[in-house]
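Before any comments, here is the structure.
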Amino acid sequence: AGGYGNYTGKLCINLYRSAFWLQIDRGQVRVESAGFVDASLGASGGDLNLPPAAFVRLLLGYRTLDTLTDAWPDVRVKSAARDLVTVLFPLLAAHILMPY
């Protein structure tokens with residue numbers, strides 16, 4: 001899958017109030033809480049920083065990382081993690097009904 005079939009590493013996804021690690025070991029994914037990760041100016045933050053509402057759209061394949069970046073100016077991804085995030089969260093035929 002995009003050259004990541006044998007990938008082993010981790011990705012920190014920061015939702016600003018809480019964060020979690022995706023621990024990836026040759027295609028097996030495990031999720032661990034990272035607690036609070038500081039994403040303020042000058043802090044290292046996570047590999048992917050985004051609001052929870054944007055993450056739902058990315059996770060379910062409703063939007064790509066690039067379209068989320070256009071809609072939410074506070075979506076940030078480290079350049080080293082961009083390709084991995086794109087492979088993990090591809091665009092899918094998704095329909096999300098949001099309450100109003």
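How things are named: the first chain in the structure tokens is A, the next is B, and so on; residues count from 1 in each chain; ligands count from 1 in the order shown.
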
Leaving out Thr86 in chain A and any residue of its chain fewer than 6 positions from it, which residues lie within 12 Å of it when counting only C-alpha atoms, given as a PyMOL selection string? chain A and resi 1-4+48+58-59+61+63-68+77+79-80+92

Selection from above, N, CA and C atoms, as a PDB file, in the first residue's frame, can you write it?
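What follows is the written file part_24.pdb:
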```
ATOM      1  N   ALA A   1       0.845  -1.189   0.000  1.00  0.00           N
ATOM      2  CA  ALA A   1       0.000   0.000   0.000  1.00  0.00           C
ATOM      3  C   ALA A   1       0.876   1.232   0.000  1.00  0.00           C
ATOM      4  N   GLY A   2       1.122   1.776  -1.161  1.00  0.00           N
ATOM      5  CA  GLY A   2       1.902   3.001  -1.261  1.00  0.00           C
ATOM      6  C   GLY A   2       3.327   2.867  -0.769  1.00  0.00           C
ATOM      7  N   GLY A   3       3.893   1.658  -0.791  1.00  0.00           N
ATOM      8  CA  GLY A   3       5.250   1.461  -0.317  1.00  0.00           C
ATOM      9  C   GLY A   3       5.377   1.341   1.189  1.00  0.00           C
ATOM     10  N   TYR A   4       4.274   1.250   1.881  1.00  0.00           N
ATOM     11  CA  TYR A   4       4.297   1.166   3.341  1.00  0.00           C
ATOM     12  C   TYR A   4       3.899  -0.214   3.857  1.00  0.00           C
ATOM     13  N   LEU A  48       0.485  14.882  13.022  1.00  0.00           N
ATOM     14  CA  LEU A  48      -0.721  15.407  12.383  1.00  0.00           C
ATOM     15  C   LEU A  48      -1.534  16.119  13.452  1.00  0.00           C
ATOM     16  N   LEU A  58     -11.465  13.023   7.760  1.00  0.00           N
ATOM     17  CA  LEU A  58     -10.280  12.341   7.240  1.00  0.00           C
ATOM     18  C   LEU A  58     -10.368  10.839   7.486  1.00  0.00           C
ATOM     19  N   LEU A  59     -10.728  10.455   8.694  1.00  0.00           N
ATOM     20  CA  LEU A  59     -10.801   9.051   9.084  1.00  0.00           C
ATOM     21  C   LEU A  59     -11.791   8.265   8.232  1.00  0.00           C
ATOM     22  N   GLY A  61     -12.789   9.006   5.236  1.00  0.00           N
ATOM     23  CA  GLY A  61     -12.538   9.127   3.805  1.00  0.00           C
ATOM     24  C   GLY A  61     -13.394  10.157   3.103  1.00  0.00           C
ATOM     25  N   ARG A  63     -12.976  13.486   3.213  1.00  0.00           N
ATOM     26  CA  ARG A  63     -12.100  14.547   2.708  1.00  0.00           C
ATOM     27  C   ARG A  63     -10.652  14.076   2.734  1.00  0.00           C
ATOM     28  N   THR A  64      -9.848  14.647   1.842  1.00  0.00           N
ATOM     29  CA  THR A  64      -8.415  14.362   1.834  1.00  0.00           C
ATOM     30  C   THR A  64      -7.705  15.366   2.734  1.00  0.00           C
ATOM     31  N   LEU A  65      -6.460  15.095   3.007  1.00  0.00           N
ATOM     32  CA  LEU A  65      -5.662  16.005   3.822  1.00  0.00           C
ATOM     33  C   LEU A  65      -5.591  17.386   3.173  1.00  0.00           C
ATOM     34  N   ASP A  66      -5.411  17.437   1.860  1.00  0.00           N
ATOM     35  CA  ASP A  66      -5.317  18.728   1.170  1.00  0.00           C
ATOM     36  C   ASP A  66      -6.615  19.527   1.257  1.00  0.00           C
ATOM     37  N   THR A  67      -7.764  18.874   1.103  1.00  0.00           N
ATOM     38  CA  THR A  67      -9.029  19.615   1.192  1.00  0.00           C
ATOM     39  C   THR A  67      -9.309  20.050   2.629  1.00  0.00           C
ATOM     40  N   LEU A  68      -8.862  19.275   3.600  1.00  0.00           N
ATOM     41  CA  LEU A  68      -9.015  19.692   4.998  1.00  0.00           C
ATOM     42  C   LEU A  68      -8.155  20.910   5.296  1.00  0.00           C
ATOM     43  N   VAL A  77       0.434  19.120   9.240  1.00  0.00           N
ATOM     44  CA  VAL A  77       1.061  17.800   9.151  1.00  0.00           C
ATOM     45  C   VAL A  77       2.546  18.019   8.892  1.00  0.00           C
ATOM     46  N   SER A  79       6.048  17.383   7.293  1.00  0.00           N
ATOM     47  CA  SER A  79       6.358  16.945   5.928  1.00  0.00           C
ATOM     48  C   SER A  79       6.773  15.484   5.876  1.00  0.00           C
ATOM     49  N   ALA A  80       7.469  15.001   6.895  1.00  0.00           N
ATOM     50  CA  ALA A  80       7.911  13.600   6.922  1.00  0.00           C
ATOM     51  C   ALA A  80       6.736  12.632   7.063  1.00  0.00           C
ATOM     52  N   LEU A  92     -12.530   8.148   0.115  1.00  0.00           N
ATOM     53  CA  LEU A  92     -13.466   7.042  -0.116  1.00  0.00           C
ATOM     54  C   LEU A  92     -14.835   7.601  -0.493  1.00  0.00           C
TER      55      LEU A  92
END
```

inquiry  = Which residues are near Asp74 in chain A? Cut-off 8 Å, only C-alpha atoms, ignore same chain within fewer than 6 positions. Put them as a ChimeraX atom specification.
reply    = /A:49-51

Tell me, as a compact mmCIF listing (two decimals) with N, CA and C atoms, in the first residue's frame, which residues lie within 7 Å of Lys10 in chain A, counting only C-alpha atoms; anything in the same chain fewer than 3 positions away does not count.
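Heads up, here's the output in around-v3.txt:
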```txt
# COMPACT_ATOMS: atom_id res chain seq x y z
N TRP A 21 -1.30 7.81 19.61
CA TRP A 21 -0.28 7.25 18.74
C TRP A 21 -0.87 6.13 17.92
N LEU A 22 -0.57 6.11 16.64
CA LEU A 22 -0.81 4.93 15.82
C LEU A 22 0.52 4.20 15.77
N GLN A 23 0.61 3.06 16.41
CA GLN A 23 1.82 2.23 16.39
C GLN A 23 1.65 1.25 15.24
N ILE A 24 2.50 1.34 14.24
CA ILE A 24 2.37 0.50 13.04
C ILE A 24 3.56 -0.44 12.99
```

*asked:* From the options A:Leu60, A:Gly9, A:Phe20, A:Leu15, which residue's atoms come nearest to Ala39 in chain A, counting only C-alpha atoms?
replied: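 The shortest atom-to-atom distance to Ala39 in chain A comes from A:Leu15.
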
If you count only C-alpha atoms, the residue of A:Ala94, A:Arg76, A:Arg57, A:Thr69 closest to Ser40 in chain A turns out to be A:Arg76

Of A:His95, A:Ala54, A:Arg26, A:Ser44, the one sitting nearest Lys78 in chain A when using only C-alpha atoms is A:Ser44

Going by DSSP on the backbone, which residues of range 23-99 of chain A come out as strand (DSSP E or B)? List them as a PyMOL selection string. chain A and resi 23-25+28-35+48-49+76-77

Among chain A, which residues does DSSP mark as alpha helix (DSSP H) when it is run on the backbone? Keep the chain and numbering as in the structure and answer as a PyMOL selection string. chain A and resi 52-59+65-71+82-88

Please produce a file of the residues just selected, as a PDB file, in the first residue's frame, where the atoms kept are C-alpha atoms.
```pdb
ATOM      1  CA  PRO A  52     -11.736  16.562  15.968  1.00  0.00           C
ATOM      2  CA  ALA A  53     -14.365  17.504  13.342  1.00  0.00           C
ATOM      3  CA  ALA A  54     -11.692  17.516  10.639  1.00  0.00           C
ATOM      4  CA  PHE A  55     -10.315  14.169  11.851  1.00  0.00           C
ATOM      5  CA  VAL A  56     -13.740  12.517  11.476  1.00  0.00           C
ATOM      6  CA  ARG A  57     -13.828  13.591   7.840  1.00  0.00           C
ATOM      7  CA  LEU A  58     -10.280  12.341   7.240  1.00  0.00           C
ATOM      8  CA  LEU A  59     -10.801   9.051   9.084  1.00  0.00           C
ATOM      9  CA  LEU A  65      -5.662  16.005   3.822  1.00  0.00           C
ATOM     10  CA  ASP A  66      -5.317  18.728   1.170  1.00  0.00           C
ATOM     11  CA  THR A  67      -9.029  19.615   1.192  1.00  0.00           C
ATOM     12  CA  LEU A  68      -9.015  19.692   4.998  1.00  0.00           C
ATOM     13  CA  THR A  69      -6.058  22.072   4.947  1.00  0.00           C
ATOM     14  CA  ASP A  70      -8.049  24.392   2.680  1.00  0.00           C
ATOM     15  CA  ALA A  71     -11.105  24.303   4.973  1.00  0.00           C
ATOM     16  CA  ARG A  82       2.436  13.605   4.834  1.00  0.00           C
ATOM     17  CA  ASP A  83       2.793  10.541   2.566  1.00  0.00           C
ATOM     18  CA  LEU A  84       1.978   8.118   5.396  1.00  0.00           C
ATOM     19  CA  VAL A  85      -1.143  10.091   6.360  1.00  0.00           C
ATOM     20  CA  THR A  86      -2.254  10.113   2.710  1.00  0.00           C
ATOM     21  CA  VAL A  87      -1.864   6.317   2.487  1.00  0.00           C
ATOM     22  CA  LEU A  88      -3.561   5.645   5.842  1.00  0.00           C
TER      23      LEU A  88
END
```
